[in-house]
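One structure below.
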Amino acid sequence: MELFLVFIALMLMLLGIIGSFLPILPGPLTSWVGLLVLHFTDGIELSHTFLITTLAIAVFIYILDYMIPAIGTKRFGGSRSGMIGTTLGLIVGLLSPIPFGIIIGPFIGALIGEMIHRNDIEKALKAAFGSFIGFIASSFLKFIVALIFLGFFIIKLSNHKGAWF
């Protein structure tokens with residue numbers, strides 16, 4: 001049963017890393033659930049302070065995930081249409097077989113969204129760039145936190161590997 005919980009925790013950690021780039025999965029929160037599952041194994045103890053602190057960080061990053069792209073878009077003169085376009089572009093970019101679709105999709109989506117909102121290509125490009133920068137910054141931040149949580153997972157697991165393997 002313990003190995004099963006460790007396996008589930010590892011899968012949640014990996015899903016958290018993938019969720020750093022997918023808008024469907026909350027990356028750091030998913031990774032935190034992996035830490036929580038690890039806590040319930042017999043051989044590994046995570047303090048309540050550690051769990052509460054990492055949860056607070058995960059929730060904070062989750063909230064920032066919605067604010068950073070909006071800040072980037074607004075800073076560069078974008079609109080709500082640009083932000084919606086960024087999200088739709090990300091989904092299309094993920095599903096399309098083109099290389100770097102996850103990077104190109106949000107930019108093209110933001111550009112299309114801004115062109116629908118206004119007909120000025122120069123302002124639309126600027127806003128699309130801001131939306132794209134916000135998306136990249138947000139994804140990078142989530143990815144770093146998910147990797148740090150994975151590092152905690154590996155350290156905690158390796159401290160008790162004698163009991164497991």
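To be explicit about the labels: the chains of the structure tokens are called A, B, and onward in the order shown, and within each one the residues are counted from 1, while ligands get numbers from 1 in the order they are shown.
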Using only C-alpha atoms, which residues of segment 122-161 of chain A come within 9 Å of segment 77-89 of chain A, and what is the closest atom pair for each, with the distance in Å to one decimal? Give it as a tab-separated table, sorted by chain and residue number.
residue	atom	partner	partner_atom	distance
A:Lys123	CA	A:Gly77	CA	7.2
A:Ala124	CA	A:Gly78	CA	7.4
A:Lys126	CA	A:Gly77	CA	7.2
A:Ala127	CA	A:Gly78	CA	4.3
A:Ala128	CA	A:Gly82	CA	6.5
A:Gly130	CA	A:Gly78	CA	7.3
A:Ser131	CA	A:Met83	CA	6.4
A:Phe132	CA	A:Thr86	CA	7.1
A:Phe135	CA	A:Thr86	CA	7.9
Save out the residues we just selected, C-alpha atoms, as a PDB file, in the first residue's frame.
ATOM      1  CA  LYS A 123      -1.583  48.276 -30.933  1.00  0.00           C
ATOM      2  CA  ALA A 124      -2.822  44.719 -31.393  1.00  0.00           C
ATOM      3  CA  LYS A 126       1.894  45.332 -28.740  1.00  0.00           C
ATOM      4  CA  ALA A 127      -0.988  43.984 -26.647  1.00  0.00           C
ATOM      5  CA  ALA A 128      -0.471  40.459 -28.002  1.00  0.00           C
ATOM      6  CA  GLY A 130       2.216  41.772 -23.512  1.00  0.00           C
ATOM      7  CA  SER A 131      -0.261  38.938 -23.187  1.00  0.00           C
ATOM      8  CA  PHE A 132       2.331  36.484 -24.443  1.00  0.00           C
ATOM      9  CA  PHE A 135       1.645  33.891 -20.128  1.00  0.00           C
TER      10      PHE A 135
END
Pick from A:Ile44, A:Leu35, A:Ile68, A:Pro99: nearest to Leu141 of chain A, with only C-alpha atoms counted?
-> A:Ile68
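Residue nearest Ala58 of chain A, chosen from A:Gly134, A:Gly101, A:Pro106, A:Gly16 and counting only C-alpha atoms: A:Gly16.
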Leaving out segment 38-41 of chain A and any residue of its chain fewer than 6 positions from it, which residues lie within 10 Å of it when counting only C-alpha atoms, given as a list in words?
-> Met1, Glu2, Leu3, Phe4, Leu5, Val6, Phe7, Ile8, Ala9, Leu10, Trp32, Ser47, His48, Leu51, Phe153, Lys156 and Leu157 of chain A
Extract the full set of alpha helix (DSSP H) residues from chain A according to DSSP on the backbone, and format it as an MDAnalysis selection string.
-> chainID A and resid 2:19 27:39 48:75 80:95 101:117 121:159 161:164
The residue from A:Ile136, A:Ile17, A:Val145, A:Leu22 with the smallest atom-to-atom distance to Val92 of chain A, counting only C-alpha atoms, is A:Leu22
Atom-to-atom span, atom CA of Ser31 of chain A and atom CA of Leu14 of chain A, Å = 7.4 Å
If you take only C-alpha atoms and a cut-off of 12 Å, which residues of segment 92-153 of chain A touch segment 52-56 of chain A, and what are their nearest atom pairs and distances in Å to one decimal, in chain and number order, as JSON lines?
{"residue": "A:Val145", "atom": "CA", "partner": "A:Thr54", "partner_atom": "CA", "distance": 9.6}
{"residue": "A:Ala146", "atom": "CA", "partner": "A:Thr54", "partner_atom": "CA", "distance": 10.6}
{"residue": "A:Ile148", "atom": "CA", "partner": "A:Thr54", "partner_atom": "CA", "distance": 10.1}
{"residue": "A:Phe149", "atom": "CA", "partner": "A:Thr54", "partner_atom": "CA", "distance": 8.2}
{"residue": "A:Leu150", "atom": "CA", "partner": "A:Thr54", "partner_atom": "CA", "distance": 11.8}
{"residue": "A:Phe152", "atom": "CA", "partner": "A:Thr54", "partner_atom": "CA", "distance": 10.2}
{"residue": "A:Phe153", "atom": "CA", "partner": "A:Thr54", "partner_atom": "CA", "distance": 11.9}
Rounded to one decimal place, report the atom CA of Ser20 of chain A-atom CA of Ile144 of chain A distance in Å.
->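 Computed distance, atom CA of Ser20 of chain A to atom CA of Ile144 of chain A, equals 8.7 Å.
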Find the distance between atom CA of Ile71 of chain A and atom CA of Ile133 of chain A and write it in Å to one decimal.
->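 Interatomic distance, atom CA of Ile71 of chain A to atom CA of Ile133 of chain A: 9.9 Å.
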